[in-house]
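A short write-up of the structure that comes next.
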Amino acid sequence: MSEKINIETGDDSTNITGKTVNVTNIFNQGLTEEKVTEIIDKKLEMLSTVQVFTQEACKIAESRVKKLEEIVIPRIAKIDATLGIFADPSFQSVLNDAVKVAAQTDEIESYKLLSELLAHKVEKPNDKSIKMDVSYAIDVIDKITDEALQALTVFVALQSWGPASGIISQGLDTINNLYSKLMFSDLPADDRWIDQLDILKVVRIQSFGKFPPIIKFQKQFFSGYVVCGISKQSEKLMEIYALLDECSLPRTCLIENELDTNYYRLPLVNINNIKQIDYIDNNTPFIHGQVRLNEKQISNIKKIISYYENDGIKLKEISEKFNAKWNSFENLKRIGEWWAKLPCSFGVTSIGKVLAITNAQRIDSTLPKIEL
């Protein structure tokens with residue numbers, strides 16, 4: 001049973017003065033776009049009073065906030081078609097921060113980032129930590145340089161994005177194309193961007209050590225790539241084929257290792273998190289698919305992996321060949337070279353993660369969501 005909650009509105013309220021409002025109806029039926037515009041305009045009016053803007057400054061601020069409106073309303077409507085979230089006091093609190101920042105910048109990309117931050121809040125309306133992170137992220141937007149934001153986004157994406165295909169060349173080509181969306185300019189070569197983000201509490205510089213080489217840093221994503229596999233001369237091959245037959249997996253799941261053609265490997269991305277496997281259809285050249293694995297198949301695949309050779313010298317050669325393969329892709333090579341020059345290690349705060357997540361969506365909404 002729904003309960004009617006009456007709120008007496010005051011002079012500074014965004015509701016209609018002197019009337020009682022049924023909160024349940026607001027959230028169920030939503031608000032019109034005109035009403036949302038009134039709410040945002042009211043925020044600017046209140047800001048202008050507090051900041052004591054001149055008449056000229058008020059006109060500029062009004063023009064800027066109007067541009068924010070044009071971006072943020074349709075963006076929020078994709079999540080909440082009723083726009084009822086604009087009546088939520090918690091959301092209005094964050095909206096206040098966004099209007100304040102929008103009034104002080106004329107950069108369209110800043111409005112888009114503000115819109116994505118507000119959308120992030122809407123997607124997780126009851127998460128208090130998200131509200132705090134979004135509010136602080138909004139506050140520092142106009143203090144972060146474009147190159148620092150770009151570097152932060154690439155750094156966080158490196159901890160989230162991994163290839164989907166177990167075919168090495170295809171997997172690396174896919175993530176190379178993803179990073180092309182973020183590599184629209186050169187990444188910063190000095191360490192000022194790190195200092196800036198540390199001051200703003202977006203990252204925390206660690207007092208000792210540097211990051212390991214990028215391939216080791218991302219080992220979790222490529223553990224199925226950087227392997228010797230099974231020698232083509234192995235006496236275990238028939239036993240391995242029997243394991244595939246036993247769980248109804250095609251024998252074509254065992255493929256030649258791109259990094260050493262004397263070996264076979266299973267086309268897996270991550271041997272520590274096995275969920276699906278690629279297979280090649282020999283009857284249809286250049287066509288391959290993916291099989292979602294059941295428990296029996298996963299069990300048999302783990303048995304096959306136990307037959308992989310683990311010779312240290314051979315694995316070192318494989319790792320070096322993988323590095324060469326990585327560097328054959330332009331964007332991955334640029335990222336690797338930038339990574340090697342990072343002067344110190346650092347951790348990204350929850351605020352930094354929110355900024356990176358929303359900035360990636362601002363750049364291209366088709367990019368995979370960064371999940372951390």
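All residue names refer to the structure tokens as shown: chains lettered A, B, ... in order, residues numbered from 1 in each chain, ligands numbered from 1 in order.
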
Picked from segment 272-314 of chain A by DSSP as helix (DSSP H, G or I), as JSON, numbers by chain:
{"A": [295, 296, 297, 298, 299, 300, 301, 302, 303, 304, 305, 312, 313, 314]}

Residues at most 9 Å from Ile357 of chain A, counting only C-alpha atoms, excluding those fewer than 3 positions away in the same chain, as a list in words?
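Residues near the query, excluding close chain neighbours: Glu116, Leu117, His120, Thr153, Val156, Ala157, Gly352, Lys353, Val354, Ala360, Gln361, Arg362, Lys369, Ile370 and Glu371 of chain A.
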
Segment 251-256 of chain A environment, 12 Å, only C-alpha atoms, sequence neighbours closer than 4 positions dropped, as a PyMOL selection string:
chain A and resi 166-168+225+227-232+237-247+260-268+276-283+287-291+297+301+304-305

Please dump the current selection as a CSV table (one decimal), in the first residue's frame; keep N, CA and C atoms.
chain,number,residue,atom,x,y,z
A,166,GLY,N,40.1,-15.8,-27.9
A,166,GLY,CA,41.2,-16.6,-27.6
A,166,GLY,C,42.3,-16.6,-28.7
A,167,ILE,N,41.9,-16.1,-29.9
A,167,ILE,CA,42.9,-16.0,-31.0
A,167,ILE,C,43.7,-14.8,-30.7
A,168,ILE,N,45.0,-14.9,-30.5
A,168,ILE,CA,45.9,-13.8,-30.0
A,168,ILE,C,45.8,-12.6,-30.9
A,225,TYR,N,47.2,-16.5,-23.3
A,225,TYR,CA,48.0,-16.2,-24.5
A,225,TYR,C,49.5,-16.6,-24.3
A,227,VAL,N,51.6,-18.7,-23.1
A,227,VAL,CA,51.8,-20.1,-22.7
A,227,VAL,C,52.6,-20.8,-23.8
A,228,CYS,N,53.3,-21.9,-23.4
A,228,CYS,CA,54.0,-22.8,-24.4
A,228,CYS,C,52.9,-23.6,-25.1
A,229,GLY,N,52.1,-24.3,-24.3
A,229,GLY,CA,51.1,-25.2,-24.8
A,229,GLY,C,51.6,-26.6,-24.9
A,230,ILE,N,51.2,-27.3,-25.9
A,230,ILE,CA,51.5,-28.8,-26.0
A,230,ILE,C,52.3,-29.0,-27.3
A,231,SER,N,53.5,-29.6,-27.2
A,231,SER,CA,54.3,-29.9,-28.4
A,231,SER,C,53.5,-30.7,-29.4
A,232,LYS,N,53.7,-30.4,-30.6
A,232,LYS,CA,53.1,-31.1,-31.7
A,232,LYS,C,53.6,-32.5,-31.8
A,237,LEU,N,48.9,-36.2,-27.2
A,237,LEU,CA,47.9,-35.6,-28.1
A,237,LEU,C,46.6,-36.4,-28.2
A,238,MET,N,46.8,-37.7,-28.3
A,238,MET,CA,45.6,-38.6,-28.5
A,238,MET,C,44.7,-38.5,-27.2
A,239,GLU,N,45.4,-38.5,-26.1
A,239,GLU,CA,44.7,-38.4,-24.8
A,239,GLU,C,44.0,-37.0,-24.7
A,240,ILE,N,44.6,-36.0,-25.2
A,240,ILE,CA,43.9,-34.7,-25.2
A,240,ILE,C,42.7,-34.6,-26.2
A,241,TYR,N,42.9,-35.2,-27.3
A,241,TYR,CA,41.7,-35.3,-28.3
A,241,TYR,C,40.6,-36.1,-27.6
A,242,ALA,N,40.9,-37.1,-26.9
A,242,ALA,CA,39.9,-37.9,-26.2
A,242,ALA,C,39.1,-37.1,-25.2
A,243,LEU,N,39.9,-36.2,-24.5
A,243,LEU,CA,39.2,-35.3,-23.5
A,243,LEU,C,38.3,-34.4,-24.2
A,244,LEU,N,38.6,-33.9,-25.4
A,244,LEU,CA,37.8,-33.0,-26.1
A,244,LEU,C,36.5,-33.7,-26.6
A,245,ASP,N,36.7,-35.0,-27.1
A,245,ASP,CA,35.6,-35.8,-27.6
A,245,ASP,C,34.7,-36.1,-26.5
A,246,GLU,N,35.2,-36.4,-25.3
A,246,GLU,CA,34.4,-36.8,-24.2
A,246,GLU,C,33.4,-35.8,-23.7
A,247,CYS,N,33.8,-34.5,-23.9
A,247,CYS,CA,32.9,-33.4,-23.5
A,247,CYS,C,32.2,-32.7,-24.6
A,260,ASP,N,54.6,-19.7,-31.2
A,260,ASP,CA,55.6,-20.8,-31.5
A,260,ASP,C,54.8,-21.9,-32.2
A,261,THR,N,55.0,-22.0,-33.5
A,261,THR,CA,54.3,-22.9,-34.3
A,261,THR,C,54.6,-24.4,-34.1
A,262,ASN,N,55.6,-24.7,-33.2
A,262,ASN,CA,55.9,-26.0,-32.8
A,262,ASN,C,54.9,-26.6,-31.7
A,263,TYR,N,54.0,-25.7,-31.3
A,263,TYR,CA,53.1,-26.0,-30.2
A,263,TYR,C,51.7,-25.8,-30.5
A,264,TYR,N,50.8,-26.6,-29.8
A,264,TYR,CA,49.4,-26.3,-29.9
A,264,TYR,C,49.0,-25.6,-28.6
A,265,ARG,N,47.9,-24.8,-28.6
A,265,ARG,CA,47.3,-24.3,-27.4
A,265,ARG,C,45.8,-24.2,-27.5
A,266,LEU,N,45.2,-24.1,-26.4
A,266,LEU,CA,43.7,-23.9,-26.4
A,266,LEU,C,43.5,-22.4,-26.6
A,267,PRO,N,42.5,-22.0,-27.4
A,267,PRO,CA,42.3,-20.5,-27.7
A,267,PRO,C,41.5,-19.9,-26.5
A,268,LEU,N,42.2,-19.7,-25.4
A,268,LEU,CA,41.6,-19.1,-24.2
A,268,LEU,C,42.3,-17.8,-23.9
A,276,GLN,N,34.4,-19.6,-21.7
A,276,GLN,CA,34.1,-19.9,-23.1
A,276,GLN,C,35.4,-20.2,-23.9
A,277,ILE,N,35.3,-20.8,-25.0
A,277,ILE,CA,36.5,-21.1,-25.8
A,277,ILE,C,36.2,-20.9,-27.3
A,278,ASP,N,37.2,-20.4,-28.0
A,278,ASP,CA,37.0,-20.2,-29.5
A,278,ASP,C,37.2,-21.6,-30.2
A,279,TYR,N,36.7,-21.7,-31.4
A,279,TYR,CA,37.0,-22.9,-32.2
A,279,TYR,C,37.0,-22.5,-33.6
A,280,ILE,N,37.8,-23.2,-34.4
A,280,ILE,CA,37.9,-22.9,-35.8
A,280,ILE,C,37.1,-23.9,-36.6
A,281,ASP,N,36.4,-23.5,-37.6
A,281,ASP,CA,35.6,-24.4,-38.4
A,281,ASP,C,36.4,-24.7,-39.7
A,282,ASN,N,37.0,-25.9,-39.7
A,282,ASN,CA,37.9,-26.2,-40.8
A,282,ASN,C,37.2,-26.3,-42.2
A,283,ASN,N,35.8,-26.4,-42.1
A,283,ASN,CA,35.1,-26.5,-43.3
A,283,ASN,C,34.7,-25.1,-43.9
A,287,ILE,N,36.6,-18.6,-40.6
A,287,ILE,CA,35.4,-18.4,-39.7
A,287,ILE,C,35.6,-19.2,-38.4
A,288,HIS,N,35.3,-18.5,-37.3
A,288,HIS,CA,35.4,-19.2,-36.1
A,288,HIS,C,34.3,-18.7,-35.2
A,289,GLY,N,33.9,-19.5,-34.2
A,289,GLY,CA,32.9,-19.2,-33.3
A,289,GLY,C,33.4,-19.3,-31.8
A,290,GLN,N,32.5,-19.2,-30.9
A,290,GLN,CA,32.8,-19.4,-29.5
A,290,GLN,C,31.8,-20.3,-28.8
A,291,VAL,N,32.2,-21.2,-28.0
A,291,VAL,CA,31.4,-22.1,-27.3
A,291,VAL,C,31.3,-21.7,-25.8
A,297,GLN,N,32.9,-29.6,-19.5
A,297,GLN,CA,33.9,-29.1,-20.4
A,297,GLN,C,35.0,-28.3,-19.8
A,301,ILE,N,39.0,-29.2,-19.9
A,301,ILE,CA,39.9,-28.1,-20.4
A,301,ILE,C,41.0,-27.9,-19.3
A,304,ILE,N,43.5,-30.6,-19.7
A,304,ILE,CA,44.4,-30.4,-20.9
A,304,ILE,C,45.4,-29.3,-20.6
A,305,ILE,N,45.0,-28.2,-19.9
A,305,ILE,CA,46.0,-27.2,-19.5
A,305,ILE,C,47.1,-27.8,-18.6

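Proximity of A:Ile39, A:Asn272, A:Phe329, A:Lys128 to Thr174 of chain A, computed with only C-alpha atoms, is greatest for A:Phe329.
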
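Picture a line from atom CA of Phe217 of chain A to atom CA of Ile363 of chain A; it runs 25.0 Å.
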
Taking the chain letters and numbering used in this document, name the residues of segment 23-263 of chain A that DSSP puts in strand (DSSP E or B), as a PyMOL selection string.
chain A and resi 203-205+229-231+255-256+263

I'd like the neighbourhood of segment 194-207 of chain A as an MDAnalysis selection string, where a residue qualifies if any of its atoms comes within 7 Å (using only C-alpha atoms), though same-chain residues fewer than 5 positions away should be ignored.
chainID A and resid 345:349 351:352

File dump, residues just selected, C-alpha atoms, as an mmCIF file, in the first residue's frame:
data_model
loop_
_atom_site.group_PDB
_atom_site.id
_atom_site.type_symbol
_atom_site.label_atom_id
_atom_site.label_comp_id
_atom_site.auth_asym_id
_atom_site.auth_seq_id
_atom_site.Cartn_x
_atom_site.Cartn_y
_atom_site.Cartn_z
ATOM 1 C CA SER A 345 53.571 3.900 -8.981
ATOM 2 C CA PHE A 346 50.234 5.198 -7.758
ATOM 3 C CA GLY A 347 46.763 4.014 -6.901
ATOM 4 C CA VAL A 348 43.527 5.432 -8.256
ATOM 5 C CA THR A 349 40.956 6.589 -5.692
ATOM 6 C CA ILE A 351 36.888 9.504 -7.268
ATOM 7 C CA GLY A 352 39.429 8.836 -10.001
#

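Straight-line separation from atom CA of Pro74 of chain A to atom CA of Ser115 of chain A: 9.5 Å.
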
Polymer residues at most 10 Å from Trp193 of chain A, only C-alpha atoms, same-chain spacing of 4 or more positions, as number ranges by chain:
A: 144-149, 151-152, 188-189, 197-199

Judged by only C-alpha atoms, the minimum distance to Gln170 of chain A among A:Ala57, A:Ala324, A:Glu258, A:Leu293 is found for A:Glu258

Calculated over only C-alpha atoms, which of the candidates A:Gly30, A:Pro368, A:Gly224, A:Gly84 has the smallest distance to Phe322 of chain A?
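Counting only C-alpha atoms, the residue closest to Phe322 of chain A is A:Gly224.
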
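Distance annotation: of A:Cys344, A:Ala87, A:Val226, A:Leu172, the residue with the minimal separation from Ser328 of chain A is A:Leu172; atom set is only C-alpha atoms.
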